[in-house]
$ cat coords-v1.pdb   # PDB, C-alpha atoms and all ligand atoms
ATOM      1  CA  MET A  23     -43.628   0.824   3.135
ATOM      2  CA  LYS A  24     -43.655   3.128   6.148
ATOM      3  CA  VAL A  25     -40.712   2.990   8.548
ATOM      4  CA  GLY A  26     -40.580   3.983  12.203
ATOM      5  CA  VAL A  27     -37.345   4.737  14.048
ATOM      6  CA  VAL A  28     -37.411   4.857  17.839
ATOM      7  CA  GLY A  29     -34.498   6.782  19.347
ATOM      8  CA  LEU A  30     -32.818   9.438  17.212
ATOM      9  CA  GLY A  31     -29.305   9.412  18.662
ATOM     10  CA  SER A  32     -26.374   8.971  16.313
ATOM     11  CA  MET A  33     -27.483   5.500  15.154
ATOM     12  CA  GLY A  34     -31.215   6.266  14.990
ATOM     13  CA  SER A  35     -30.761   9.512  13.101
ATOM     14  CA  GLY A  36     -28.419   7.761  10.653
ATOM     15  CA  ILE A  37     -31.009   5.012  10.097
ATOM     16  CA  ALA A  38     -33.783   7.600   9.634
ATOM     17  CA  GLN A  39     -31.565   9.401   7.098
ATOM     18  CA  LEU A  40     -31.148   6.164   5.144
ATOM     19  CA  ALA A  41     -34.901   5.521   5.195
ATOM     20  CA  ILE A  42     -35.913   8.959   3.885
ATOM     21  CA  GLU A  43     -33.153   8.901   1.264
ATOM     22  CA  ALA A  44     -34.454   5.524   0.098
ATOM     23  CA  GLY A  45     -37.924   7.064  -0.397
ATOM     24  CA  PHE A  46     -39.744   5.725   2.657
ATOM     25  CA  GLU A  47     -42.185   7.794   4.680
ATOM     26  CA  THR A  48     -40.463   7.736   8.069
ATOM     27  CA  VAL A  49     -41.595   8.568  11.579
ATOM     28  CA  GLY A  50     -38.813   9.318  14.044
ATOM     29  CA  ARG A  51     -39.644   9.162  17.722
ATOM     30  CA  GLU A  52     -37.675  10.772  20.540
ATOM     31  CA  VAL A  53     -38.521  11.346  24.196
ATOM     32  CA  ASP A  54     -38.714  15.115  23.702
ATOM     33  CA  LEU A  55     -39.119  17.390  20.714
ATOM     34  CA  ALA A  56     -35.815  19.212  21.245
ATOM     35  CA  ARG A  57     -33.871  15.962  20.735
ATOM     36  CA  ALA A  58     -35.998  15.028  17.745
ATOM     37  CA  GLU A  59     -35.412  18.410  16.118
ATOM     38  CA  SER A  60     -31.707  18.231  16.801
ATOM     39  CA  ALA A  61     -31.625  14.850  15.001
ATOM     40  CA  ARG A  62     -33.473  16.372  12.036
ATOM     41  CA  ASP A  63     -30.907  19.211  11.959
ATOM     42  CA  THR A  64     -28.097  16.637  11.870
ATOM     43  CA  ILE A  65     -29.757  14.765   9.008
ATOM     44  CA  ALA A  66     -30.379  18.037   7.133
ATOM     45  CA  HIS A  67     -26.710  18.956   7.620
ATOM     46  CA  PHE A  68     -25.416  15.693   6.131
ATOM     47  CA  LEU A  69     -27.895  15.791   3.222
ATOM     48  CA  THR A  70     -26.945  19.423   2.517
ATOM     49  CA  ARG A  71     -23.260  18.422   2.442
ATOM     50  CA  LYS A  72     -24.165  15.810  -0.190
ATOM     51  CA  VAL A  73     -25.884  18.533  -2.256
ATOM     52  CA  GLU A  74     -22.877  20.832  -1.879
ATOM     53  CA  LYS A  75     -20.579  18.042  -3.056
ATOM     54  CA  GLY A  76     -22.779  17.233  -6.063
ATOM     55  CA  GLN A  77     -23.781  13.812  -4.692
ATOM     56  CA  LEU A  78     -27.491  14.665  -4.325
ATOM     57  CA  GLU A  79     -29.840  17.023  -6.152
ATOM     58  CA  GLN A  80     -31.499  19.774  -4.141
ATOM     59  CA  ASP A  81     -35.035  18.579  -4.919
ATOM     60  CA  ARG A  82     -34.162  15.040  -3.804
ATOM     61  CA  CYS A  83     -32.720  16.462  -0.585
ATOM     62  CA  ASP A  84     -35.925  18.472  -0.013
ATOM     63  CA  GLY A  85     -38.029  15.422  -0.878
ATOM     64  CA  ALA A  86     -36.117  13.258   1.594
ATOM     65  CA  LEU A  87     -36.508  15.773   4.420
ATOM     66  CA  SER A  88     -40.244  16.124   3.692
ATOM     67  CA  ARG A  89     -40.632  12.371   4.299
ATOM     68  CA  LEU A  90     -39.409  12.660   7.900
ATOM     69  CA  ALA A  91     -42.110  13.160  10.555
ATOM     70  CA  LEU A  92     -41.064  13.696  14.159
ATOM     71  CA  THR A  93     -42.999  12.596  17.204
ATOM     72  CA  THR A  94     -42.706  12.022  20.924
ATOM     73  CA  GLU A  95     -45.675   9.617  20.931
ATOM     74  CA  LEU A  96     -45.340   5.896  20.196
ATOM     75  CA  ASP A  97     -48.978   6.001  18.980
ATOM     76  CA  SER A  98     -47.759   7.874  15.901
ATOM     77  CA  LEU A  99     -45.995   4.658  14.801
ATOM     78  CA  ALA A 100     -49.321   2.785  14.534
ATOM     79  CA  ASP A 101     -49.299   2.501  10.734
ATOM     80  CA  CYS A 102     -45.608   1.664  10.296
ATOM     81  CA  ASP A 103     -44.764  -1.585   8.523
ATOM     82  CA  VAL A 104     -41.363  -1.851  10.169
ATOM     83  CA  VAL A 105     -40.217  -0.114  13.352
ATOM     84  CA  ILE A 106     -36.466  -0.029  14.039
ATOM     85  CA  GLU A 107     -35.654   0.553  17.686
ATOM     86  CA  ALA A 108     -32.354   2.375  18.259
ATOM     87  CA  ALA A 109     -32.825   3.450  21.861
ATOM     88  CA  PHE A 110     -30.405   3.277  24.784
ATOM     89  CA  GLU A 111     -28.667  -0.120  25.212
ATOM     90  CA  ASP A 112     -30.567  -1.135  28.308
ATOM     91  CA  LEU A 113     -32.706  -4.260  28.455
ATOM     92  CA  ALA A 114     -35.390  -2.684  30.678
ATOM     93  CA  VAL A 115     -35.725   0.296  28.311
ATOM     94  CA  LYS A 116     -36.017  -1.993  25.293
ATOM     95  CA  HIS A 117     -38.534  -4.254  27.025
ATOM     96  CA  GLU A 118     -40.734  -1.294  27.874
ATOM     97  CA  LEU A 119     -40.528  -0.009  24.297
ATOM     98  CA  PHE A 120     -41.227  -3.381  22.687
ATOM     99  CA  ARG A 121     -44.256  -3.977  24.932
ATOM    100  CA  ALA A 122     -45.630  -0.520  24.172
ATOM    101  CA  LEU A 123     -44.889  -0.823  20.437
ATOM    102  CA  GLU A 124     -46.704  -4.138  20.178
ATOM    103  CA  ASP A 125     -49.788  -2.468  21.651
ATOM    104  CA  VAL A 126     -49.896   0.180  18.921
ATOM    105  CA  VAL A 127     -48.646  -1.427  15.690
ATOM    106  CA  ARG A 128     -50.565  -3.729  13.330
ATOM    107  CA  ASP A 129     -50.381  -7.500  13.837
ATOM    108  CA  ASP A 130     -48.204  -7.913  10.764
ATOM    109  CA  ALA A 131     -45.757  -5.113  11.613
ATOM    110  CA  VAL A 132     -42.100  -6.079  12.061
ATOM    111  CA  LEU A 133     -40.268  -4.886  15.177
ATOM    112  CA  ALA A 134     -36.530  -4.611  14.605
ATOM    113  CA  THR A 135     -33.840  -3.717  17.117
ATOM    114  CA  ASN A 136     -30.480  -2.126  16.333
ATOM    115  CA  THR A 137     -28.996  -3.546  19.536
ATOM    116  CA  SER A 138     -25.316  -4.375  19.271
ATOM    117  CA  ALA A 139     -24.673  -6.177  22.535
ATOM    118  CA  LEU A 140     -27.990  -7.389  23.937
ATOM    119  CA  SER A 141     -29.752 -10.605  22.993
ATOM    120  CA  VAL A 142     -32.516 -10.081  20.417
ATOM    121  CA  THR A 143     -34.222 -13.189  21.794
ATOM    122  CA  GLU A 144     -34.268 -11.658  25.273
ATOM    123  CA  ILE A 145     -35.565  -8.308  23.971
ATOM    124  CA  ALA A 146     -38.327 -10.162  22.071
ATOM    125  CA  SER A 147     -39.283 -12.284  25.078
ATOM    126  CA  VAL A 148     -41.810  -9.688  26.298
ATOM    127  CA  LEU A 149     -43.796  -9.796  23.044
ATOM    128  CA  ALA A 150     -47.034 -11.711  22.585
ATOM    129  CA  ARG A 151     -45.778 -12.430  19.033
ATOM    130  CA  PRO A 152     -41.971 -12.809  19.351
ATOM    131  CA  GLU A 153     -41.777 -14.169  15.788
ATOM    132  CA  ARG A 154     -42.139 -10.565  14.560
ATOM    133  CA  ALA A 155     -38.889  -9.412  16.228
ATOM    134  CA  VAL A 156     -35.566  -9.346  14.385
ATOM    135  CA  GLY A 157     -32.173  -7.698  14.776
ATOM    136  CA  MET A 158     -31.143  -5.073  12.224
ATOM    137  CA  HIS A 159     -27.684  -4.101  13.399
ATOM    138  CA  PHE A 160     -26.226  -1.115  11.550
ATOM    139  CA  PHE A 161     -22.667   0.169  11.893
ATOM    140  CA  ASN A 162     -21.476   3.614  12.879
ATOM    141  CA  PRO A 163     -21.808   5.938  10.983
ATOM    142  CA  ALA A 164     -24.947   4.243   9.649
ATOM    143  CA  PRO A 165     -25.260   6.354   6.473
ATOM    144  CA  LEU A 166     -21.690   5.491   5.434
ATOM    145  CA  MET A 167     -21.063   1.923   6.594
ATOM    146  CA  PRO A 168     -22.428  -0.569   4.042
ATOM    147  CA  LEU A 169     -23.167  -3.505   6.383
ATOM    148  CA  VAL A 170     -26.335  -4.435   8.224
ATOM    149  CA  GLU A 171     -26.497  -7.693  10.198
ATOM    150  CA  ILE A 172     -29.917  -9.357  10.027
ATOM    151  CA  VAL A 173     -30.128 -11.219  13.316
ATOM    152  CA  ARG A 174     -32.477 -14.145  13.616
ATOM    153  CA  ALA A 175     -33.601 -14.594  17.210
ATOM    154  CA  GLU A 176     -34.754 -17.948  18.588
ATOM    155  CA  ARG A 177     -38.383 -17.385  17.557
ATOM    156  CA  THR A 178     -38.029 -14.994  14.588
ATOM    157  CA  SER A 179     -40.045 -16.190  11.591
ATOM    158  CA  GLU A 180     -38.386 -16.742   8.221
ATOM    159  CA  ALA A 181     -40.764 -14.214   6.637
ATOM    160  CA  VAL A 182     -39.728 -11.519   9.135
ATOM    161  CA  CYS A 183     -36.028 -12.184   8.427
ATOM    162  CA  ASP A 184     -36.798 -11.770   4.722
ATOM    163  CA  VAL A 185     -38.594  -8.439   5.299
ATOM    164  CA  ALA A 186     -35.601  -7.130   7.278
ATOM    165  CA  PHE A 187     -33.134  -8.406   4.676
ATOM    166  CA  ASP A 188     -35.095  -6.769   1.821
ATOM    167  CA  LEU A 189     -35.400  -3.516   3.752
ATOM    168  CA  GLY A 190     -31.635  -3.537   4.344
ATOM    169  CA  THR A 191     -31.102  -3.929   0.594
ATOM    170  CA  GLN A 192     -33.558  -1.121  -0.194
ATOM    171  CA  LEU A 193     -31.680   1.105   2.243
ATOM    172  CA  GLY A 194     -28.625   0.557   0.054
ATOM    173  CA  LYS A 195     -26.870  -1.768   2.497
ATOM    174  CA  THR A 196     -25.197  -5.142   2.173
ATOM    175  CA  PRO A 197     -27.206  -7.331   4.563
ATOM    176  CA  ILE A 198     -25.825 -10.548   6.016
ATOM    177  CA  ARG A 199     -27.878 -13.100   7.931
ATOM    178  CA  CYS A 200     -26.700 -14.461  11.271
ATOM    179  CA  LEU A 201     -27.902 -16.059  14.484
ATOM    180  CA  ASP A 202     -28.486 -14.290  17.797
ATOM    181  CA  THR A 203     -25.111 -14.978  19.417
ATOM    182  CA  PRO A 204     -23.159 -12.481  21.591
ATOM    183  CA  GLY A 205     -21.694  -9.748  19.356
ATOM    184  CA  PHE A 206     -23.311 -11.349  16.291
ATOM    185  CA  VAL A 207     -20.609 -11.444  13.585
ATOM    186  CA  VAL A 208     -18.610  -8.217  13.419
ATOM    187  CA  ASN A 209     -18.555  -7.147  17.071
ATOM    188  CA  ARG A 210     -17.646 -10.700  18.127
ATOM    189  CA  VAL A 211     -14.394 -10.108  16.245
ATOM    190  CA  LEU A 212     -13.995  -6.311  16.411
ATOM    191  CA  ILE A 213     -14.552  -5.735  20.129
ATOM    192  CA  PRO A 214     -11.720  -7.989  21.390
ATOM    193  CA  LEU A 215      -9.522  -6.643  18.583
ATOM    194  CA  LEU A 216     -10.094  -3.032  19.675
ATOM    195  CA  ASN A 217      -9.482  -4.053  23.291
ATOM    196  CA  ASP A 218      -6.165  -5.611  22.224
ATOM    197  CA  CYS A 219      -5.287  -2.366  20.443
ATOM    198  CA  VAL A 220      -5.795  -0.392  23.666
ATOM    199  CA  ARG A 221      -3.695  -2.897  25.660
ATOM    200  CA  VAL A 222      -0.909  -2.534  23.097
ATOM    201  CA  LEU A 223      -0.759   1.218  23.805
ATOM    202  CA  ASP A 224       0.721   0.523  27.241
ATOM    203  CA  GLU A 225       2.523  -2.739  26.435
ATOM    204  CA  ALA A 226       4.414  -1.370  23.427
ATOM    205  CA  GLY A 227       4.657   2.178  24.741
ATOM    206  CA  VAL A 228       3.096   3.757  21.647
ATOM    207  CA  THR A 229       0.992   6.880  21.411
ATOM    208  CA  PRO A 230      -2.583   6.740  20.060
ATOM    209  CA  GLU A 231      -1.339   8.603  16.969
ATOM    210  CA  ALA A 232       1.409   6.019  16.368
ATOM    211  CA  LEU A 233      -0.914   3.061  16.945
ATOM    212  CA  ASP A 234      -3.491   4.556  14.586
ATOM    213  CA  ALA A 235      -0.807   5.131  11.951
ATOM    214  CA  GLY A 236       0.354   1.539  12.495
ATOM    215  CA  MET A 237      -3.056  -0.023  11.893
ATOM    216  CA  GLN A 238      -3.875   2.294   8.980
ATOM    217  CA  HIS A 239      -0.603   1.890   7.149
ATOM    218  CA  GLY A 240       0.363  -1.613   8.289
ATOM    219  CA  ALA A 241      -3.020  -3.319   8.265
ATOM    220  CA  GLY A 242      -5.048  -1.218   5.843
ATOM    221  CA  TRP A 243      -7.671  -0.047   8.341
ATOM    222  CA  PRO A 244      -9.687   2.944   7.029
ATOM    223  CA  MET A 245      -9.183   4.696  10.360
ATOM    224  CA  GLY A 246      -7.002   3.833  13.354
ATOM    225  CA  PRO A 247      -8.428   2.010  16.413
ATOM    226  CA  CYS A 248      -8.215   5.024  18.759
ATOM    227  CA  ALA A 249      -9.962   7.268  16.236
ATOM    228  CA  LEU A 250     -12.561   4.532  15.732
ATOM    229  CA  LEU A 251     -13.168   4.172  19.484
ATOM    230  CA  ASP A 252     -13.622   7.948  19.693
ATOM    231  CA  LEU A 253     -16.140   7.730  16.845
ATOM    232  CA  VAL A 254     -18.100   4.839  18.360
ATOM    233  CA  GLY A 255     -18.038   6.403  21.852
ATOM    234  CA  LEU A 256     -15.917   4.983  24.682
ATOM    235  CA  ASP A 257     -19.001   4.505  26.873
ATOM    236  CA  VAL A 258     -20.732   2.540  24.098
ATOM    237  CA  HIS A 259     -17.649   0.372  23.554
ATOM    238  CA  VAL A 260     -17.086  -0.266  27.286
ATOM    239  CA  HIS A 261     -20.743  -1.201  27.715
ATOM    240  CA  ALA A 262     -20.644  -3.585  24.740
ATOM    241  CA  SER A 263     -17.365  -5.132  25.969
ATOM    242  CA  GLU A 264     -18.805  -5.725  29.417
ATOM    243  CA  ALA A 265     -21.940  -7.292  27.953
ATOM    244  CA  LEU A 266     -19.902  -9.661  25.780
ATOM    245  CA  TYR A 267     -17.506 -10.488  28.599
ATOM    246  CA  GLU A 268     -20.433 -11.334  30.853
ATOM    247  CA  LYS A 269     -21.767 -13.748  28.254
ATOM    248  CA  LEU A 270     -18.571 -15.284  26.862
ATOM    249  CA  ARG A 271     -16.110 -14.998  29.780
ATOM    250  CA  GLU A 272     -13.211 -14.549  27.372
ATOM    251  CA  PRO A 273     -10.555 -12.265  28.938
ATOM    252  CA  ARG A 274     -10.021 -10.342  25.693
ATOM    253  CA  MET A 275     -13.680  -9.272  25.750
ATOM    254  CA  ALA A 276     -13.265  -7.397  29.046
ATOM    255  CA  PRO A 277     -12.731  -3.649  28.594
ATOM    256  CA  PRO A 278      -9.111  -2.615  29.337
ATOM    257  CA  PRO A 279      -8.797  -0.475  32.523
ATOM    258  CA  ARG A 280      -7.392   2.449  30.519
ATOM    259  CA  LEU A 281     -10.613   2.568  28.505
ATOM    260  CA  VAL A 282     -12.821   2.274  31.588
ATOM    261  CA  ARG A 283     -10.918   5.153  33.232
ATOM    262  CA  LEU A 284     -11.432   7.411  30.207
ATOM    263  CA  ALA A 285     -15.134   6.562  30.058
ATOM    264  CA  LEU A 286     -15.604   7.163  33.796
ATOM    265  CA  ALA A 287     -13.907  10.551  33.434
ATOM    266  CA  GLY A 288     -16.488  11.521  30.825
ATOM    267  CA  LYS A 289     -13.923  11.342  28.014
ATOM    268  CA  LEU A 290     -16.284   9.610  25.644
ATOM    269  CA  GLY A 291     -14.724  10.519  22.315
ATOM    270  CA  ARG A 292     -16.091  12.839  19.637
ATOM    271  CA  LYS A 293     -19.439  13.361  21.304
ATOM    272  CA  SER A 294     -17.929  14.805  24.508
ATOM    273  CA  GLY A 295     -15.140  16.694  22.724
ATOM    274  CA  GLU A 296     -12.384  14.497  24.154
ATOM    275  CA  GLY A 297     -11.377  10.831  24.140
ATOM    276  CA  PHE A 298      -8.040   9.604  22.883
ATOM    277  CA  TYR A 299      -8.036  12.820  20.852
ATOM    278  CA  THR A 300      -9.427  16.316  21.432
ATOM    279  CA  TYR A 301     -12.151  17.569  19.057
TER     280      TYR A 301
HETATM  281  N1  LIG B 401     -23.763  10.560   9.304
HETATM  282  C1  LIG B 401     -24.009  10.947   8.037
HETATM  283  N2  LIG B 401     -23.060  11.406   7.224
HETATM  284  C2  LIG B 401     -21.821  11.486   7.698
HETATM  285  C3  LIG B 401     -21.485  11.115   8.998
HETATM  286  C4  LIG B 401     -22.519  10.632   9.811
HETATM  287  N3  LIG B 401     -22.321  10.243  11.073
HETATM  288  N4  LIG B 401     -20.185  11.322   9.201
HETATM  289  C5  LIG B 401     -19.705  11.835   8.047
HETATM  290  N5  LIG B 401     -20.696  11.937   7.157
HETATM  291  C6  LIG B 401     -20.647  12.468   5.802
HETATM  292  C7  LIG B 401     -20.033  13.849   5.863
HETATM  293  O1  LIG B 401     -20.876  14.788   5.229
HETATM  294  C8  LIG B 401     -18.735  13.681   5.157
HETATM  295  O2  LIG B 401     -18.416  14.671   4.238
HETATM  296  P1  LIG B 401     -17.824  16.124   4.687
HETATM  297  O3  LIG B 401     -16.771  15.869   5.744
HETATM  298  O4  LIG B 401     -17.279  16.647   3.424
HETATM  299  O5  LIG B 401     -19.009  16.880   5.211
HETATM  300  C9  LIG B 401     -18.923  12.424   4.319
HETATM  301  O6  LIG B 401     -19.837  11.620   5.018
HETATM  302  C10 LIG B 401     -17.645  11.666   4.145
HETATM  303  O7  LIG B 401     -17.025  11.622   5.391
HETATM  304  P2  LIG B 401     -15.501  11.328   5.539
HETATM  305  O8  LIG B 401     -14.712  12.196   4.622
HETATM  306  O9  LIG B 401     -15.163  11.308   6.994
HETATM  307  O10 LIG B 401     -15.505   9.889   4.891
HETATM  308  P3  LIG B 401     -14.336   8.893   4.758
HETATM  309  O11 LIG B 401     -14.195   8.552   3.350
HETATM  310  O12 LIG B 401     -13.148   9.390   5.496
HETATM  311  O13 LIG B 401     -14.913   7.619   5.508
HETATM  312  C11 LIG B 401     -15.660   6.336   7.337
HETATM  313  C12 LIG B 401     -15.393   7.738   6.806
HETATM  314  C13 LIG B 401     -16.704   5.615   6.481
HETATM  315  C14 LIG B 401     -16.189   6.531   8.754
HETATM  316  C15 LIG B 401     -14.328   5.522   7.272
HETATM  317  O14 LIG B 401     -13.332   6.226   7.957
HETATM  318  C16 LIG B 401     -14.496   4.176   7.888
HETATM  319  O15 LIG B 401     -14.931   3.233   7.238
HETATM  320  N6  LIG B 401     -14.135   4.032   9.201
HETATM  321  C17 LIG B 401     -14.345   2.823   9.932
HETATM  322  C18 LIG B 401     -15.666   2.897  10.631
HETATM  323  C19 LIG B 401     -16.045   1.628  11.341
HETATM  324  O16 LIG B 401     -15.291   0.685  11.424
HETATM  325  N7  LIG B 401     -17.257   1.604  11.885
HETATM  326  C20 LIG B 401     -17.752   0.491  12.625
HETATM  327  C21 LIG B 401     -17.714   0.845  14.063
HETATM  328  S1  LIG B 401     -18.203  -0.521  15.068
HETATM  329  C22 LIG B 401     -19.864  -0.398  15.147
HETATM  330  O17 LIG B 401     -20.495   0.488  14.644
HETATM  331  C23 LIG B 401     -20.525  -1.518  15.845
HETATM  332  C24 LIG B 401     -21.272  -1.172  17.051
HETATM  333  O18 LIG B 401     -22.173  -1.888  17.365
HETATM  334  C25 LIG B 401     -20.900  -0.020  17.931
END
$ encode --input "coords-v1.pdb" --output "structure tokens"
Amino acid sequence: MKVGVVGLGSMGSGIAQLAIEAGFETVGREVDLARAESARDTIAHFLTRKVEKGQLEQDRCDGALSRLALTTELDSLADCDVVIEAAFEDLAVKHELFRALEDVVRDDAVLATNTSALSVTEIASVLARPERAVGMHFFNPAPLMPLVEIVRAERTSEAVCDVAFDLGTQLGKTPIRCLDTPGFVVNRVLIPLLNDCVRVLDEAGVTPEALDAGMQHGAGWPMGPCALLDLVGLDVHVHASEALYEKLREPRMAPPPRLVRLALAGKLGRKSGEGFYTY
């Protein structure tokens, strides 16, 4: 099987890493070569760390990296069996990509989207064959988080869901099947929960450090909510919250003003060097 990944940001590069580690020839597409090469450097860094820690043999690391081809052209994805789109969370961008992808791939190719907050059904609505579209929603950081949600849109065929589910398994993930509802399964629960955590900062007068310690040591979270928001990206979280609030109209879905202020100030978390914490 040949895999295509469109968009090599933090999610796309993580997905491409999983694909090459699992033995798939993989084509990663970015809008310019500098971004594509930077994604390959990131993947090489994480694979090298695995070698250094004795989790991966050097020849397997080299083999994985040799399976990654970079491109700026969607035409280079023509012979992919599955293309996973992990581009910017914007419906117009995804529509343009899905239209263009359908023009170049084979009739039986599966088009998957890693969207977290948009409707897979709506993304697929521009396709001549919407039954080939499916959600494959990975979690951040994709190489480390075991879950992938296999999202069945209104017109997704059973066979396409099965291909996505099997691919998720071959990538070493635990896939779960769900319907195309706002937030799918995990974000439907996690987004309002993280918003509550931010509201508690002001209500209970706690610092981010204290709240994080509270949720780690009192609720068993692997990392605290403020550290997690910094990891996910405050802009990404605010955007997803707004999208879910728009669809569900539940007050807890709306992003707390404190979070919106940080995002507007460019304090986006790890990627900008500052969020709740400084990096
Ligand atoms: N990509 C690839 N490899 C990575 C990586 C990344 N982004 N980040 C870290 N690694 C590698 C590193 O090489 C690291 O080792 P070194 O530091 O020695 O180089 C190795 O993984 C282990 O990293 P950690 O020591 O940080 O691992 P950990 O045991 O502390 O676990 C964690 C890290 C898995 C992130 C854990 O803290 C965790 O489970 N946190 C919760 C994350 C979570 O909830 N994610 C979901 C976010 S919500 C979402 O994603 C939905 C959405 O739609 C936005």
$ closest_residue --input "coords-v1.pdb" --among "A:Leu189, A:Leu250, A:Leu281, A:Leu149" --to "A:Met23" --atoms "all atoms listed in the file"
A:Leu189
$ resolve_selection --input "coords-v1.pdb" --expression "the PyMOL selection byres (((chain A and resi 99) around 9) and not hetatm)" --output "PDB file with C-alpha atoms, keeping the file's coordinate frame"
ATOM      1  CA  VAL A  25     -40.712   2.990   8.548  1.00  0.00           C
ATOM      2  CA  GLY A  26     -40.580   3.983  12.203  1.00  0.00           C
ATOM      3  CA  VAL A  27     -37.345   4.737  14.048  1.00  0.00           C
ATOM      4  CA  VAL A  49     -41.595   8.568  11.579  1.00  0.00           C
ATOM      5  CA  GLY A  50     -38.813   9.318  14.044  1.00  0.00           C
ATOM      6  CA  ARG A  51     -39.644   9.162  17.722  1.00  0.00           C
ATOM      7  CA  THR A  93     -42.999  12.596  17.204  1.00  0.00           C
ATOM      8  CA  GLU A  95     -45.675   9.617  20.931  1.00  0.00           C
ATOM      9  CA  LEU A  96     -45.340   5.896  20.196  1.00  0.00           C
ATOM     10  CA  ASP A  97     -48.978   6.001  18.980  1.00  0.00           C
ATOM     11  CA  SER A  98     -47.759   7.874  15.901  1.00  0.00           C
ATOM     12  CA  ALA A 100     -49.321   2.785  14.534  1.00  0.00           C
ATOM     13  CA  ASP A 101     -49.299   2.501  10.734  1.00  0.00           C
ATOM     14  CA  CYS A 102     -45.608   1.664  10.296  1.00  0.00           C
ATOM     15  CA  ASP A 103     -44.764  -1.585   8.523  1.00  0.00           C
ATOM     16  CA  VAL A 105     -40.217  -0.114  13.352  1.00  0.00           C
ATOM     17  CA  LEU A 123     -44.889  -0.823  20.437  1.00  0.00           C
ATOM     18  CA  VAL A 126     -49.896   0.180  18.921  1.00  0.00           C
ATOM     19  CA  VAL A 127     -48.646  -1.427  15.690  1.00  0.00           C
TER      20      VAL A 127
END
$ resolve_selection --input "coords-v1.pdb" --expression "the PyMOL selection byres (((chain A and resi 268-276) around 7) and not hetatm)" --output "list of chain:residue names"
A:Pro204, A:Ile213, A:Pro214, A:Asn217, A:Ser263, A:Glu264, A:Ala265, A:Leu266, A:Tyr267, A:Pro277, A:Pro278
$ axis_aligned_box --input "coords-v1.pdb" --around "ligand LIG 401 (chain B)" --padding-each-side "6 Å" --output "lines of an AutoDock Vina configuration file"
center_x = -18.6
center_y = 7.5
center_z = 10.6
size_x = 22.9
size_y = 30.8
size_z = 26.6
$ residues_near_ligand --input "coords-v1.pdb" --ligand "ligand LIG 401 (chain B)" --cutoff "10 Å" --atoms "only C-alpha atoms and all ligand atoms" --output "number ranges by chain"
A: 32-33, 35-37, 39-40, 64-75, 136-139, 159-170, 205-206, 208-210, 212-213, 216, 243-247, 249-256, 258-259, 261-262
$ closest_residue --input "coords-v1.pdb" --among "A:Pro152, A:Val220, A:Thr229, A:Ala134" --to "A:Val185" --atoms "only C-alpha atoms"
A:Ala134
$ atom_distance --input "coords-v1.pdb" --atom1 "atom CA of A:Gly34" --atom2 "atom CA of A:Leu215"
25.5 Å
$ atom_distance --input "coords-v1.pdb" --atom1 "atom CA of A:Ala150" --atom2 "atom CA of A:Ala181"
17.3 Å
$ atom_distance --input "coords-v1.pdb" --atom1 "atom CA of A:Glu225" --atom2 "atom CA of A:Arg283"
17.0 Å
$ closest_atom_pairs --input "coords-v1.pdb" --of "stretch 57-146 of chain A" --to "stretch 198-203 of chain A" --cutoff "12 Å" --atoms "all atoms listed in the file" --output "tab-separated table"
residue	atom	partner	partner_atom	distance
A:Thr135	CA	A:Asp202	CA	11.9
A:Thr137	CA	A:Asp202	CA	10.9
A:Ser138	CA	A:Asp202	CA	10.5
A:Ala139	CA	A:Thr203	CA	9.3
A:Leu140	CA	A:Asp202	CA	9.3
A:Ser141	CA	A:Asp202	CA	6.5
A:Val142	CA	A:Asp202	CA	6.4
A:Thr143	CA	A:Asp202	CA	7.1
A:Glu144	CA	A:Asp202	CA	9.8
A:Ile145	CA	A:Asp202	CA	11.1
A:Ala146	CA	A:Asp202	CA	11.5
$ residues_around --input "coords-v1.pdb" --residues "A:Ala186" --least-positions-apart "5" --cutoff "8 Å" --atoms "all atoms listed in the file" --output "short mmCIF file (atom, residue, chain, number, x, y, z; two decimals) with C-alpha atoms, in the coordinates of the input"
data_model
loop_
_atom_site.label_atom_id
_atom_site.label_comp_id
_atom_site.auth_asym_id
_atom_site.auth_seq_id
_atom_site.Cartn_x
_atom_site.Cartn_y
_atom_site.Cartn_z
CA ALA A 134 -36.53 -4.61 14.60
CA VAL A 156 -35.57 -9.35 14.38
CA MET A 158 -31.14 -5.07 12.22
CA ILE A 172 -29.92 -9.36 10.03
#
$ closest_residue --input "coords-v1.pdb" --among "A:Ala58, A:Ala108, A:Leu90, A:Cys219" --to "A:Ala41" --atoms "all atoms listed in the file"
A:Leu90
$ resolve_selection --input "coords-v1.pdb" --expression "the PyMOL selection byres (((chain A and resi 178) around 10) and not hetatm)" --output "list in words"
Val142, Thr143, Ala146, Arg151, Pro152, Glu153, Arg154, Ala155, Val156, Gly157, Val173, Arg174, Ala175, Glu176, Arg177, Ser179, Glu180, Ala181, Val182 and Cys183 of chain A
$ closest_residue --input "coords-v1.pdb" --among "A:Gly240, A:Pro279, A:Gly29, A:Gly288" --to "A:Lys116" --atoms "all atoms listed in the file"
A:Gly29
$ residues_near_point --input "coords-v1.pdb" --point "(-14.0, 8.5, 30.4)" --cutoff "10 Å" --atoms "all atoms listed in the file" --output "number ranges by chain"
A: 255-257, 260, 280-291, 294, 296-298
$ closest_residue --input "coords-v1.pdb" --among "A:Arg62, A:Asp234, A:Gly242, A:Arg89" --to "A:Ala44" --atoms "all atoms listed in the file"
A:Arg89
$ closest_residue --input "coords-v1.pdb" --among "A:Ala86, A:Cys248, A:Ala61, A:Leu92" --to "A:Val228" --atoms "all atoms listed in the file"
A:Cys248
$ decode --input "coords-v1.pdb" --residues "stretch 57-64 of chain A" --atoms "C-alpha atoms" --output "mmCIF file, in the first residue's frame"
data_model
loop_
_atom_site.group_PDB
_atom_site.id
_atom_site.type_symbol
_atom_site.label_atom_id
_atom_site.label_comp_id
_atom_site.auth_asym_id
_atom_site.auth_seq_id
_atom_site.Cartn_x
_atom_site.Cartn_y
_atom_site.Cartn_z
ATOM 1 C CA ARG A 57 8.377 23.245 4.861
ATOM 2 C CA ALA A 58 8.523 19.708 3.517
ATOM 3 C CA GLU A 59 12.221 19.420 4.335
ATOM 4 C CA SER A 60 11.691 20.846 7.787
ATOM 5 C CA ALA A 61 9.057 18.135 8.409
ATOM 6 C CA ARG A 62 11.512 15.465 7.238
ATOM 7 C CA ASP A 63 14.127 16.887 9.644
ATOM 8 C CA THR A 64 11.608 16.635 12.494
#
